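*Asks:* Structure file final22.cif (mmCIF, C-alpha atoms and all ligand atoms) right here:
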```cif
data_run
#
loop_
_atom_site.group_PDB
_atom_site.id
_atom_site.type_symbol
_atom_site.label_atom_id
_atom_site.label_comp_id
_atom_site.auth_asym_id
_atom_site.auth_seq_id
_atom_site.Cartn_x
_atom_site.Cartn_y
_atom_site.Cartn_z
ATOM 1 C CA MET A 1 34.302 -27.097 55.465
ATOM 2 C CA ASP A 2 37.590 -26.882 53.662
ATOM 3 C CA PHE A 3 39.339 -30.090 52.603
ATOM 4 C CA CYS A 4 42.205 -28.329 50.832
ATOM 5 C CA ASN A 5 45.227 -30.719 50.634
ATOM 6 C CA LYS A 6 43.227 -33.499 52.325
ATOM 7 C CA VAL A 7 43.143 -36.897 50.653
ATOM 8 C CA VAL A 8 39.772 -38.634 50.801
ATOM 9 C CA VAL A 9 39.404 -42.299 49.758
ATOM 10 C CA ILE A 10 35.830 -43.305 48.882
ATOM 11 C CA THR A 11 34.802 -46.871 48.051
ATOM 12 C CA GLY A 12 31.728 -47.384 45.885
ATOM 13 C CA ALA A 13 32.375 -44.023 44.248
ATOM 14 C CA SER A 14 31.089 -45.085 40.817
ATOM 15 C CA SER A 15 27.425 -44.453 41.660
ATOM 16 C CA GLY A 16 24.825 -43.402 44.205
ATOM 17 C CA ILE A 17 25.890 -42.166 47.630
ATOM 18 C CA GLY A 18 29.624 -42.664 46.992
ATOM 19 C CA ALA A 19 29.478 -40.671 43.763
ATOM 20 C CA SER A 20 27.604 -37.811 45.465
ATOM 21 C CA ALA A 21 30.090 -37.820 48.342
ATOM 22 C CA ALA A 22 33.072 -37.751 45.955
ATOM 23 C CA ILE A 23 31.700 -34.727 44.080
ATOM 24 C CA LEU A 24 30.902 -32.934 47.344
ATOM 25 C CA PHE A 25 34.414 -33.527 48.732
ATOM 26 C CA ALA A 26 35.918 -32.343 45.425
ATOM 27 C CA ASN A 27 33.808 -29.194 45.695
ATOM 28 C CA GLN A 28 35.468 -28.592 49.069
ATOM 29 C CA SER A 29 38.920 -28.847 47.413
ATOM 30 C CA ALA A 30 39.709 -32.419 48.538
ATOM 31 C CA LYS A 31 41.971 -34.726 46.554
ATOM 32 C CA VAL A 32 39.616 -37.637 46.013
ATOM 33 C CA VAL A 33 40.367 -41.291 45.368
ATOM 34 C CA LEU A 34 37.491 -43.000 43.561
ATOM 35 C CA VAL A 35 37.190 -46.753 44.124
ATOM 36 C CA GLY A 36 34.769 -49.018 42.266
ATOM 37 C CA ARG A 37 34.422 -51.602 39.506
ATOM 38 C CA ASN A 38 32.358 -49.849 36.865
ATOM 39 C CA GLU A 39 34.855 -47.859 34.794
ATOM 40 C CA THR A 40 32.226 -45.816 32.964
ATOM 41 C CA GLY A 41 30.695 -44.741 36.254
ATOM 42 C CA LEU A 42 34.092 -43.961 37.775
ATOM 43 C CA ASN A 43 35.118 -41.862 34.759
ATOM 44 C CA GLU A 44 31.853 -39.899 34.816
ATOM 45 C CA VAL A 45 32.256 -39.132 38.513
ATOM 46 C CA ALA A 46 35.933 -38.221 37.982
ATOM 47 C CA THR A 47 34.975 -35.676 35.319
ATOM 48 C CA LYS A 48 32.486 -34.036 37.685
ATOM 49 C CA CYS A 49 35.062 -33.985 40.501
ATOM 50 C CA GLU A 50 37.689 -32.396 38.264
ATOM 51 C CA GLN A 51 35.209 -29.769 37.083
ATOM 52 C CA ALA A 52 34.708 -28.696 40.722
ATOM 53 C CA LYS A 53 38.157 -27.244 41.528
ATOM 54 C CA GLY A 54 40.413 -28.534 38.734
ATOM 55 C CA GLN A 55 41.925 -31.291 40.876
ATOM 56 C CA LYS A 56 42.239 -34.606 39.009
ATOM 57 C CA PRO A 57 40.919 -37.525 41.099
ATOM 58 C CA LEU A 58 42.722 -40.838 41.322
ATOM 59 C CA ILE A 59 40.628 -43.703 39.960
ATOM 60 C CA ILE A 60 41.255 -47.179 41.364
ATOM 61 C CA LYS A 61 39.371 -50.075 39.833
ATOM 62 C CA ALA A 62 38.980 -52.699 42.544
ATOM 63 C CA GLU A 63 36.854 -55.717 43.360
ATOM 64 C CA LEU A 64 36.646 -55.382 47.127
ATOM 65 C CA SER A 65 36.182 -59.080 47.817
ATOM 66 C CA ILE A 66 39.718 -59.633 46.489
ATOM 67 C CA ASP A 67 42.355 -58.813 49.115
ATOM 68 C CA GLU A 68 45.003 -57.887 46.528
ATOM 69 C CA ASP A 69 42.652 -55.276 45.066
ATOM 70 C CA VAL A 70 42.048 -53.816 48.522
ATOM 71 C CA LYS A 71 45.801 -53.575 49.170
ATOM 72 C CA LYS A 72 46.216 -51.847 45.801
ATOM 73 C CA ILE A 73 43.891 -49.044 46.962
ATOM 74 C CA ILE A 74 46.248 -47.991 49.756
ATOM 75 C CA ASP A 75 49.451 -48.565 47.745
ATOM 76 C CA ASN A 76 48.246 -46.500 44.763
ATOM 77 C CA THR A 77 46.883 -43.722 46.968
ATOM 78 C CA ILE A 78 50.152 -43.365 48.870
ATOM 79 C CA GLU A 79 52.168 -43.524 45.644
ATOM 80 C CA VAL A 80 50.158 -40.691 44.078
ATOM 81 C CA PHE A 81 49.099 -38.486 47.012
ATOM 82 C CA GLY A 82 51.418 -39.601 49.855
ATOM 83 C CA ARG A 83 48.790 -39.431 52.602
ATOM 84 C CA ILE A 84 45.256 -40.381 53.658
ATOM 85 C CA ASP A 85 43.063 -38.042 55.705
ATOM 86 C CA VAL A 86 39.602 -39.561 55.314
ATOM 87 C CA LEU A 87 38.443 -43.068 54.480
ATOM 88 C CA VAL A 88 34.800 -43.504 53.479
ATOM 89 C CA ASN A 89 33.845 -47.186 53.553
ATOM 90 C CA ASN A 90 30.730 -46.796 51.422
ATOM 91 C CA ALA A 91 30.669 -49.709 48.941
ATOM 92 C CA GLY A 92 27.936 -52.221 49.632
ATOM 93 C CA VAL A 93 25.312 -54.421 48.104
ATOM 94 C CA GLY A 94 21.835 -55.462 49.210
ATOM 95 C CA ILE A 95 21.701 -59.241 49.637
ATOM 96 C CA ARG A 96 18.196 -60.645 49.861
ATOM 97 C CA GLY A 97 17.348 -63.919 51.532
ATOM 98 C CA GLY A 98 16.398 -65.649 54.749
ATOM 99 C CA ILE A 99 17.808 -68.369 56.978
ATOM 100 C CA ARG A 100 16.578 -71.125 54.635
ATOM 101 C CA ASP A 101 18.384 -69.723 51.588
ATOM 102 C CA GLY A 102 21.847 -71.013 52.438
ATOM 103 C CA VAL A 103 24.946 -69.731 54.199
ATOM 104 C CA GLU A 104 26.451 -68.567 50.873
ATOM 105 C CA LEU A 105 24.336 -65.411 51.081
ATOM 106 C CA TYR A 106 25.816 -64.664 54.482
ATOM 107 C CA ASP A 107 29.330 -65.096 53.064
ATOM 108 C CA ARG A 108 28.535 -62.791 50.138
ATOM 109 C CA ALA A 109 27.102 -60.102 52.387
ATOM 110 C CA MET A 110 30.038 -60.187 54.803
ATOM 111 C CA ASN A 111 32.615 -60.422 52.002
ATOM 112 C CA THR A 112 31.251 -57.284 50.352
ATOM 113 C CA ASN A 113 29.769 -55.159 53.131
ATOM 114 C CA MET A 114 32.038 -55.924 56.095
ATOM 115 C CA ARG A 115 35.349 -57.684 55.362
ATOM 116 C CA PRO A 116 36.685 -55.128 52.816
ATOM 117 C CA ALA A 117 35.951 -52.287 55.265
ATOM 118 C CA TYR A 118 37.903 -54.160 57.958
ATOM 119 C CA LEU A 119 40.878 -54.914 55.702
ATOM 120 C CA LEU A 120 40.990 -51.515 53.998
ATOM 121 C CA THR A 121 40.734 -49.668 57.306
ATOM 122 C CA SER A 122 43.469 -51.804 58.864
ATOM 123 C CA LEU A 123 45.797 -50.879 55.980
ATOM 124 C CA ALA A 124 44.845 -47.191 56.178
ATOM 125 C CA VAL A 125 45.307 -46.870 59.953
ATOM 126 C CA PRO A 126 49.040 -45.942 59.972
ATOM 127 C CA TYR A 127 48.322 -43.113 57.516
ATOM 128 C CA LEU A 128 45.200 -41.995 59.394
ATOM 129 C CA ILE A 129 47.212 -41.831 62.627
ATOM 130 C CA ASN A 130 49.831 -39.686 60.866
ATOM 131 C CA SER A 131 47.211 -37.282 59.522
ATOM 132 C CA LYS A 132 44.924 -37.418 62.638
ATOM 133 C CA GLY A 133 42.295 -38.351 60.102
ATOM 134 C CA ASN A 134 39.005 -40.155 60.326
ATOM 135 C CA VAL A 135 36.806 -42.933 58.975
ATOM 136 C CA VAL A 136 33.165 -42.678 57.925
ATOM 137 C CA ASN A 137 31.385 -45.991 57.395
ATOM 138 C CA VAL A 138 28.179 -46.093 55.360
ATOM 139 C CA SER A 139 25.884 -48.554 57.072
ATOM 140 C CA SER A 140 22.077 -48.681 57.067
ATOM 141 C CA VAL A 141 19.001 -48.562 59.267
ATOM 142 C CA ALA A 142 18.916 -52.270 58.343
ATOM 143 C CA GLY A 143 21.812 -52.746 60.757
ATOM 144 C CA MET A 144 19.703 -51.358 63.588
ATOM 145 C CA ARG A 145 16.360 -53.046 63.052
ATOM 146 C CA PRO A 146 14.943 -55.855 60.903
ATOM 147 C CA ILE A 147 13.485 -54.975 57.499
ATOM 148 C CA ARG A 148 9.786 -55.804 57.307
ATOM 149 C CA ASP A 149 8.006 -57.521 54.376
ATOM 150 C CA VAL A 150 11.168 -58.683 52.581
ATOM 151 C CA ASP A 151 13.827 -61.214 53.656
ATOM 152 C CA PHE A 152 17.043 -59.257 54.061
ATOM 153 C CA LEU A 153 18.796 -61.275 56.777
ATOM 154 C CA PRO A 154 22.378 -61.404 55.366
ATOM 155 C CA TYR A 155 22.385 -57.680 54.586
ATOM 156 C CA CYS A 156 21.012 -56.720 58.017
ATOM 157 C CA ILE A 157 23.652 -58.818 59.788
ATOM 158 C CA SER A 158 26.494 -57.353 57.715
ATOM 159 C CA LYS A 159 25.425 -53.799 58.525
ATOM 160 C CA ALA A 160 24.974 -54.588 62.239
ATOM 161 C CA ALA A 161 28.559 -55.886 62.218
ATOM 162 C CA LEU A 162 29.703 -52.687 60.506
ATOM 163 C CA ASP A 163 28.049 -50.599 63.245
ATOM 164 C CA GLN A 164 29.877 -52.493 65.978
ATOM 165 C CA PHE A 165 33.092 -52.110 63.949
ATOM 166 C CA THR A 166 32.502 -48.338 64.057
ATOM 167 C CA ARG A 167 32.030 -48.251 67.827
ATOM 168 C CA CYS A 168 34.912 -50.577 68.731
ATOM 169 C CA LEU A 169 37.335 -48.948 66.308
ATOM 170 C CA ALA A 170 36.478 -45.505 67.665
ATOM 171 C CA MET A 171 37.556 -46.715 71.125
ATOM 172 C CA GLU A 172 40.752 -48.289 69.755
ATOM 173 C CA LEU A 173 41.890 -45.347 67.631
ATOM 174 C CA GLY A 174 40.582 -42.411 69.681
ATOM 175 C CA PRO A 175 43.753 -42.088 71.778
ATOM 176 C CA GLN A 176 45.749 -41.797 68.518
ATOM 177 C CA GLY A 177 43.524 -38.919 67.386
ATOM 178 C CA VAL A 178 41.563 -40.865 64.771
ATOM 179 C CA ARG A 179 37.760 -40.553 64.759
ATOM 180 C CA VAL A 180 35.398 -43.248 63.426
ATOM 181 C CA ASN A 181 31.702 -42.658 62.713
ATOM 182 C CA SER A 182 28.832 -44.099 60.743
ATOM 183 C CA VAL A 183 26.097 -42.751 58.501
ATOM 184 C CA ASN A 184 23.050 -45.034 58.405
ATOM 185 C CA PRO A 185 20.612 -44.162 55.632
ATOM 186 C CA GLY A 186 17.106 -45.450 55.205
ATOM 187 C CA GLY A 187 15.784 -46.045 51.675
ATOM 188 C CA THR A 188 17.740 -43.775 49.351
ATOM 189 C CA LYS A 189 17.137 -43.261 45.629
ATOM 190 C CA THR A 190 20.152 -44.947 43.988
ATOM 191 C CA ALA A 191 20.845 -48.090 41.962
ATOM 192 C CA PHE A 192 20.902 -50.033 45.252
ATOM 193 C CA VAL A 193 17.410 -51.538 44.964
ATOM 194 C CA GLU A 194 17.962 -52.754 41.408
ATOM 195 C CA ASN A 195 21.412 -54.084 42.318
ATOM 196 C CA ALA A 196 19.747 -56.045 45.133
ATOM 197 C CA GLY A 197 17.757 -57.912 42.494
ATOM 198 C CA PHE A 198 14.413 -56.091 42.544
ATOM 199 C CA SER A 199 12.691 -55.435 39.210
ATOM 200 C CA LYS A 200 12.062 -51.878 37.986
ATOM 201 C CA ALA A 201 8.347 -52.287 38.762
ATOM 202 C CA GLN A 202 9.068 -53.477 42.310
ATOM 203 C CA MET A 203 11.487 -50.589 42.750
ATOM 204 C CA GLU A 204 8.914 -48.026 41.646
ATOM 205 C CA GLU A 205 6.314 -49.563 43.950
ATOM 206 C CA LEU A 206 8.770 -49.411 46.845
ATOM 207 C CA TYR A 207 9.722 -45.786 46.135
ATOM 208 C CA ASP A 208 6.090 -44.784 45.764
ATOM 209 C CA ALA A 209 5.116 -46.452 49.046
ATOM 210 C CA ARG A 210 7.950 -44.750 50.888
ATOM 211 C CA ASP A 211 7.141 -41.336 49.380
ATOM 212 C CA LYS A 212 3.594 -41.781 50.681
ATOM 213 C CA THR A 213 4.156 -43.370 54.076
ATOM 214 C CA LEU A 214 7.437 -42.145 55.568
ATOM 215 C CA PRO A 215 6.871 -39.498 58.264
ATOM 216 C CA LEU A 216 8.428 -36.793 56.035
ATOM 217 C CA ARG A 217 6.573 -38.188 52.968
ATOM 218 C CA LYS A 218 9.739 -38.468 50.863
ATOM 219 C CA MET A 219 12.749 -40.689 50.351
ATOM 220 C CA THR A 220 16.323 -39.673 51.063
ATOM 221 C CA GLN A 221 18.505 -38.450 48.175
ATOM 222 C CA SER A 222 22.135 -39.495 47.852
ATOM 223 C CA ASP A 223 23.428 -35.898 48.078
ATOM 224 C CA GLU A 224 21.703 -35.530 51.475
ATOM 225 C CA VAL A 225 23.591 -38.581 52.745
ATOM 226 C CA ALA A 226 26.776 -37.132 51.222
ATOM 227 C CA ASP A 227 26.243 -33.900 53.222
ATOM 228 C CA LEU A 228 26.234 -35.893 56.444
ATOM 229 C CA ILE A 229 29.336 -37.860 55.442
ATOM 230 C CA LEU A 230 31.134 -34.590 54.674
ATOM 231 C CA TYR A 231 30.132 -33.077 58.009
ATOM 232 C CA LEU A 232 31.355 -36.102 59.996
ATOM 233 C CA ALA A 233 34.637 -36.125 58.055
ATOM 234 C CA SER A 234 35.210 -32.425 58.713
ATOM 235 C CA ASP A 235 36.809 -30.647 61.682
ATOM 236 C CA ARG A 236 33.368 -29.399 62.672
ATOM 237 C CA ALA A 237 32.734 -32.929 63.940
ATOM 238 C CA ARG A 238 36.006 -32.950 65.929
ATOM 239 C CA SER A 239 34.256 -34.091 69.143
ATOM 240 C CA ILE A 240 32.252 -36.848 67.447
ATOM 241 C CA THR A 241 33.486 -40.426 67.414
ATOM 242 C CA GLY A 242 31.870 -43.849 67.735
ATOM 243 C CA SER A 243 28.547 -42.336 66.659
ATOM 244 C CA ILE A 244 25.899 -43.774 64.375
ATOM 245 C CA TYR A 245 23.953 -41.098 62.469
ATOM 246 C CA VAL A 246 20.595 -42.124 61.003
ATOM 247 C CA ILE A 247 19.286 -40.246 57.927
ATOM 248 C CA ASP A 248 15.970 -41.777 56.882
ATOM 249 C CA ASN A 249 13.008 -39.356 56.875
ATOM 250 C CA GLY A 250 11.785 -41.049 60.050
ATOM 251 C CA GLU A 251 11.725 -44.619 58.667
ATOM 252 C CA MET A 252 13.365 -46.109 61.793
ATOM 253 C CA TRP A 253 10.407 -45.422 64.053
ATOM 254 C CA MET A 254 7.617 -46.632 61.788
HETATM 255 N N1 LIG B 301 20.219 -46.852 48.615
HETATM 256 C C1 LIG B 301 19.716 -47.275 49.756
HETATM 257 O O1 LIG B 301 18.480 -47.432 49.894
HETATM 258 C C2 LIG B 301 20.618 -47.533 50.927
HETATM 259 C C3 LIG B 301 20.060 -47.570 52.210
HETATM 260 C C4 LIG B 301 20.878 -47.796 53.299
HETATM 261 C C5 LIG B 301 22.240 -47.991 53.124
HETATM 262 N N2 LIG B 301 22.771 -47.968 51.862
HETATM 263 C C6 LIG B 301 24.215 -48.218 51.731
HETATM 264 O O2 LIG B 301 24.808 -47.156 51.016
HETATM 265 C C7 LIG B 301 26.013 -47.615 50.390
HETATM 266 C C8 LIG B 301 26.051 -47.107 48.952
HETATM 267 O O3 LIG B 301 24.979 -47.692 48.227
HETATM 268 P P1 LIG B 301 24.161 -46.893 47.132
HETATM 269 O O4 LIG B 301 22.803 -46.716 47.641
HETATM 270 O O5 LIG B 301 24.905 -45.720 46.667
HETATM 271 O O6 LIG B 301 24.048 -48.030 46.001
HETATM 272 P P2 LIG B 301 24.766 -48.186 44.571
HETATM 273 O O7 LIG B 301 24.437 -47.033 43.720
HETATM 274 O O8 LIG B 301 24.377 -49.556 44.129
HETATM 275 O O9 LIG B 301 26.311 -48.130 44.900
HETATM 276 C C9 LIG B 301 27.018 -49.213 45.447
HETATM 277 C C10 LIG B 301 28.496 -48.974 45.225
HETATM 278 O O10 LIG B 301 29.224 -50.058 45.838
HETATM 279 C C11 LIG B 301 30.153 -50.572 44.901
HETATM 280 N N3 LIG B 301 30.371 -51.994 45.110
HETATM 281 C C12 LIG B 301 29.448 -52.934 45.408
HETATM 282 N N4 LIG B 301 30.016 -54.138 45.508
HETATM 283 C C13 LIG B 301 31.345 -53.951 45.254
HETATM 284 C C14 LIG B 301 32.473 -54.824 45.191
HETATM 285 N N5 LIG B 301 32.344 -56.131 45.413
HETATM 286 N N6 LIG B 301 33.681 -54.301 44.883
HETATM 287 C C15 LIG B 301 33.813 -52.981 44.631
HETATM 288 N N7 LIG B 301 32.786 -52.114 44.690
HETATM 289 C C16 LIG B 301 31.569 -52.586 44.989
HETATM 290 C C17 LIG B 301 29.520 -50.320 43.542
HETATM 291 O O11 LIG B 301 30.556 -50.290 42.585
HETATM 292 P P3 LIG B 301 30.363 -50.700 41.017
HETATM 293 O O12 LIG B 301 28.995 -50.205 40.619
HETATM 294 O O13 LIG B 301 31.463 -49.964 40.368
HETATM 295 O O14 LIG B 301 30.475 -52.166 40.949
HETATM 296 C C18 LIG B 301 28.859 -48.967 43.736
HETATM 297 O O15 LIG B 301 29.775 -47.928 43.503
HETATM 298 C C19 LIG B 301 25.997 -49.146 50.522
HETATM 299 O O16 LIG B 301 26.870 -49.544 51.537
HETATM 300 C C20 LIG B 301 24.561 -49.454 50.921
HETATM 301 O O17 LIG B 301 24.465 -50.614 51.686
HETATM 302 C C21 LIG B 301 21.992 -47.730 50.763
#
```
Take the structure from the file and write it as structure tokens.
*Replies:*
Amino acid sequence: MDFCNKVVVITGASSGIGASAAILFANQSAKVVLVGRNETGLNEVATKCEQAKGQKPLIIKAELSIDEDVKKIIDNTIEVFGRIDVLVNNAGVGIRGGIRDGVELYDRAMNTNMRPAYLLTSLAVPYLINSKGNVVNVSSVAGMRPIRDVDFLPYCISKAALDQFTRCLAMELGPQGVRVNSVNPGGTKTAFVENAGFSKAQMEELYDARDKTLPLRKMTQSDEVADLILYLASDRARSITGSIYVIDNGEMWM
């Protein structure tokens, strides 16, 4: 899977799945654009990307709930690299809560997990049509079924919306040669759980339970999710569009 001369924009590239994907794309000779807020994380990932094939990544610090920041991602990418071949809408945050916890949680979930993907993709579309490129959205099994034992309503809704975005956009852009797919992980070992407001002890309990009870008796690793993203973004997946790929060690069917 050679990404030589291909420009790959990855949101949420400062940690977890996005960081693993960025390093994997860089290893396949891609020119990567790293988007995130945490500068230390972005710089660490950039160093690893550069070590892969000597290609310096473009770092763009952006708060995705601010439209101007989102616009800056496309403007800076085009200024530096002149094209976009792959857009990975990966950034996201786990928002806990139920229906009685206020509509603000819904707004936060949509404004982080859905709206930036919509806006960023809309701005990238002319370039993706030019390059016959593709989009990979990072959603979740939480978009496909409710999460048991913990209130996660706003997050689940935002990821369900992202899945429908994937399907509808694939229909809209297919005739222009642009593919759109989704990778939907189950529990994956990243900073996600802590960023969703769980304590370290709760996180360890959750990981331990999943390692013991998932059908494959292990949790997903971020580089495994990155492998799937890379595959879908590559020419090997040239007949795949509008598809939702679950990677979860069997969690969906428990
Ligand atoms: N880990 C899991 O169990 C799991 C399961 C299913 C789906 N997912 C999905 O996988 C994706 C990646 O998550 P992860 O597991 O890799 O978690 P993570 O390590 O917490 O990474 C989340 C990334 O999103 C970025 N981000 C979050 N809010 C942002 C905002 N407002 N503006 C800009 N960047 C923002 C973060 O950037 P900064 O750190 O720089 O702020 C970070 O790079 C998410 O969409 C998540 O919903 C994760």
*Asks:* Measuring between only C-alpha atoms and all ligand atoms, which one of A:Pro175, A:Gly143, A:Gly102, A:Pro185 shows the shortest distance to ligand LIG 301 (chain B)?
*Replies:*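 Using only C-alpha atoms and all ligand atoms, ligand LIG 301 (chain B) sits closest to A:Pro185.
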*Asks:* Applying the PyMOL selection byres (((not hetatm)) within 7 of (chain B and resi 301)) to the file I just gave you, which residues come out? Please list them as a VMD selection string.
*Replies:* chain A and resid 11 to 18 35 to 39 41 62 to 65 90 to 94 112 to 113 138 to 141 184 to 193 195 222
*Asks:* For the atom pair CA of Leu206 (chain A) and CA of Asn249 (chain A), what is the interatomic distance in Å to one decimal place?
*Replies:*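 Computing it gives 14.8 Å between the two atoms.
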*Asks:* As an mmCIF file with C-alpha atoms, keeping the file's coordinate frame, please: the residues near region 83-86 of chain A (cut-off 7 Å, only C-alpha atoms, same-chain neighbours under 6 positions excluded).
*Replies:*
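New file selection_26.cif:
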```
data_model
loop_
_atom_site.group_PDB
_atom_site.id
_atom_site.type_symbol
_atom_site.label_atom_id
_atom_site.label_comp_id
_atom_site.auth_asym_id
_atom_site.auth_seq_id
_atom_site.Cartn_x
_atom_site.Cartn_y
_atom_site.Cartn_z
ATOM 1 C CA LYS A 6 43.227 -33.499 52.325
ATOM 2 C CA VAL A 7 43.143 -36.897 50.653
ATOM 3 C CA VAL A 8 39.772 -38.634 50.801
ATOM 4 C CA VAL A 9 39.404 -42.299 49.758
ATOM 5 C CA TYR A 127 48.322 -43.113 57.516
ATOM 6 C CA LEU A 128 45.200 -41.995 59.394
ATOM 7 C CA SER A 131 47.211 -37.282 59.522
ATOM 8 C CA GLY A 133 42.295 -38.351 60.102
ATOM 9 C CA ASN A 134 39.005 -40.155 60.326
ATOM 10 C CA VAL A 135 36.806 -42.933 58.975
ATOM 11 C CA ALA A 233 34.637 -36.125 58.055
#
```
*Asks:* For Arg115 (chain A), please output as a list of chain:residue names all residues within 12 Å (counting only C-alpha atoms; exclusion window: fewer than 5 positions along the same chain).
*Replies:* A:Leu64, A:Ser65, A:Ile66, A:Asp67, A:Val70, A:Asn89, A:Ala91, A:Gly92, A:Tyr106, A:Asp107, A:Arg108, A:Ala109, A:Met110, A:Leu120, A:Thr121, A:Ser122, A:Ser158, A:Lys159, A:Ala161, A:Leu162, A:Phe165
